[in-house]
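Below you'll find the structure, written out as structure tokens, and then a few comments.
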Amino acid sequence: MSSDRTLFEYLPNSFSGANTHRHLVITNVPRPSDQSRICDLYADGLEALDTILLAFADLTGQQQTSLAGPATRLHAQLDAKTLLDEEVFTELDELIARIGVPEAEDRPLQRMLELAREARRLANRVAYLIAAECEIATRLPKPGQA
């Protein structure tokens with residue numbers, strides 16, 4: 001572009017009328033609340049547990065040995081489809097503690113740590129939502145009461 005010319009000199013002065021229009025539709029579709037997605041969050045947490053156990057196969061033999069205890073107990077919880085059991089919280093915390101801070105190049109161990117943290121986050125979120133729902137239900141007036 002030559003600096004002597006203005007931007008308007010580069011723009012076309014006529015436009016083709018043959019099907020060049022575009023429509024932009026903006027809708028205000030609200031994102032569903034977490035409260036309405038409790039079952040989805042629970043399923044996501046179970047999926048995270050499953051993915052942790054699948055990622056276990058990518059670890060070295062020594063890493064597998066050191067994490068075998070929590071992984072075995074999490075496998076039992078996954079088989080029972082439980083996410084809100086205190087044992088799941090304990091085993092995820094133990095797994096996270098045993099992994100510690102993995103080396104930067106140890107990608108499989110880093111992935112397992114990320115998955116364990118995500119499973120713990122999802123389990124916490126579901127537990128908090130259920131607790132909030134119970135708390136709200138106990139504080140609401142009963143029908144016929146003022």
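Within each chain, counting starts at residue 1; across the structure tokens, chains are named A, B, ... in the order shown, with ligands numbered 1 upward in that order.
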
Item to check | Close residues, segment 122-126 of chain A itself excluded, 7 Å, only C-alpha atoms, min 5 positions apart in chain, as a list in words | outcome: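 Near segment 122-126 of chain A, the qualifying residues are Ile38, Leu41, Tyr42, Gly45, Leu83 and Leu84 of chain A.
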
Checklist entry - Which residues in segment 27-143 of chain A does DSSP call alpha helix (DSSP H)? List them as a PyMOL selection string. => result chain A and resi 38-55+61-79+86-99+107-139

Checklist entry - Residues at most 12 Å from Thr65 of chain A, counting only C-alpha atoms, excluding those fewer than 5 positions away in the same chain, as a ChimeraX atom specification? => result /A:56-57,59-60,70-72,98-99

Selection above as a file: N, CA and C atoms, as a PDB file, in the first residue's frame:
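And here's part-v9.pdb as it stands now:
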ATOM      1  N   PHE A  56      -3.657 -44.765  34.104  1.00  0.00           N
ATOM      2  CA  PHE A  56      -2.758 -45.529  34.969  1.00  0.00           C
ATOM      3  C   PHE A  56      -1.850 -46.441  34.139  1.00  0.00           C
ATOM      4  N   ALA A  57      -2.367 -46.949  33.025  1.00  0.00           N
ATOM      5  CA  ALA A  57      -1.591 -47.843  32.161  1.00  0.00           C
ATOM      6  C   ALA A  57      -0.419 -47.140  31.491  1.00  0.00           C
ATOM      7  N   LEU A  59       1.647 -45.090  32.929  1.00  0.00           N
ATOM      8  CA  LEU A  59       2.708 -44.800  33.896  1.00  0.00           C
ATOM      9  C   LEU A  59       3.788 -45.865  33.846  1.00  0.00           C
ATOM     10  N   THR A  60       4.948 -45.510  34.368  1.00  0.00           N
ATOM     11  CA  THR A  60       6.042 -46.481  34.470  1.00  0.00           C
ATOM     12  C   THR A  60       5.698 -47.497  35.565  1.00  0.00           C
ATOM     13  N   PRO A  70      -4.288 -46.400  46.038  1.00  0.00           N
ATOM     14  CA  PRO A  70      -5.434 -45.537  45.762  1.00  0.00           C
ATOM     15  C   PRO A  70      -6.149 -45.904  44.457  1.00  0.00           C
ATOM     16  N   ALA A  71      -5.384 -46.322  43.451  1.00  0.00           N
ATOM     17  CA  ALA A  71      -5.997 -46.663  42.160  1.00  0.00           C
ATOM     18  C   ALA A  71      -6.912 -47.876  42.298  1.00  0.00           C
ATOM     19  N   THR A  72      -6.484 -48.870  43.052  1.00  0.00           N
ATOM     20  CA  THR A  72      -7.303 -50.068  43.258  1.00  0.00           C
ATOM     21  C   THR A  72      -8.593 -49.725  43.991  1.00  0.00           C
ATOM     22  N   ARG A  98       0.301 -38.376  46.664  1.00  0.00           N
ATOM     23  CA  ARG A  98       1.372 -39.287  46.244  1.00  0.00           C
ATOM     24  C   ARG A  98       2.014 -38.855  44.935  1.00  0.00           C
ATOM     25  N   ILE A  99       1.218 -38.282  44.049  1.00  0.00           N
ATOM     26  CA  ILE A  99       1.789 -37.804  42.778  1.00  0.00           C
ATOM     27  C   ILE A  99       2.696 -36.620  43.044  1.00  0.00           C
TER      28      ILE A  99
END

Checklist entry - What separation in Å, quoted to one decimal, exists between atom CA of His75 of chain A and atom CA of Leu53 of chain A? => result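 Separation of atom CA of His75 of chain A and atom CA of Leu53 of chain A: 7.1 Å.
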
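Atom CA of Ala119 of chain A lies 9.6 Å from atom CA of Asp50 of chain A.
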
Item to check | Pick from A:Leu49, A:Ser36, A:Glu105, A:Ile136, whichever lies nearest to Glu91 of chain A using only C-alpha atoms | outcome: A:Leu49

Checklist entry - What does the distance between atom CA of Leu115 of chain A and atom CA of Ile130 of chain A come to in Å, to one decimal place? => result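 Atom CA of Ile130 of chain A lies 22.6 Å from atom CA of Leu115 of chain A.
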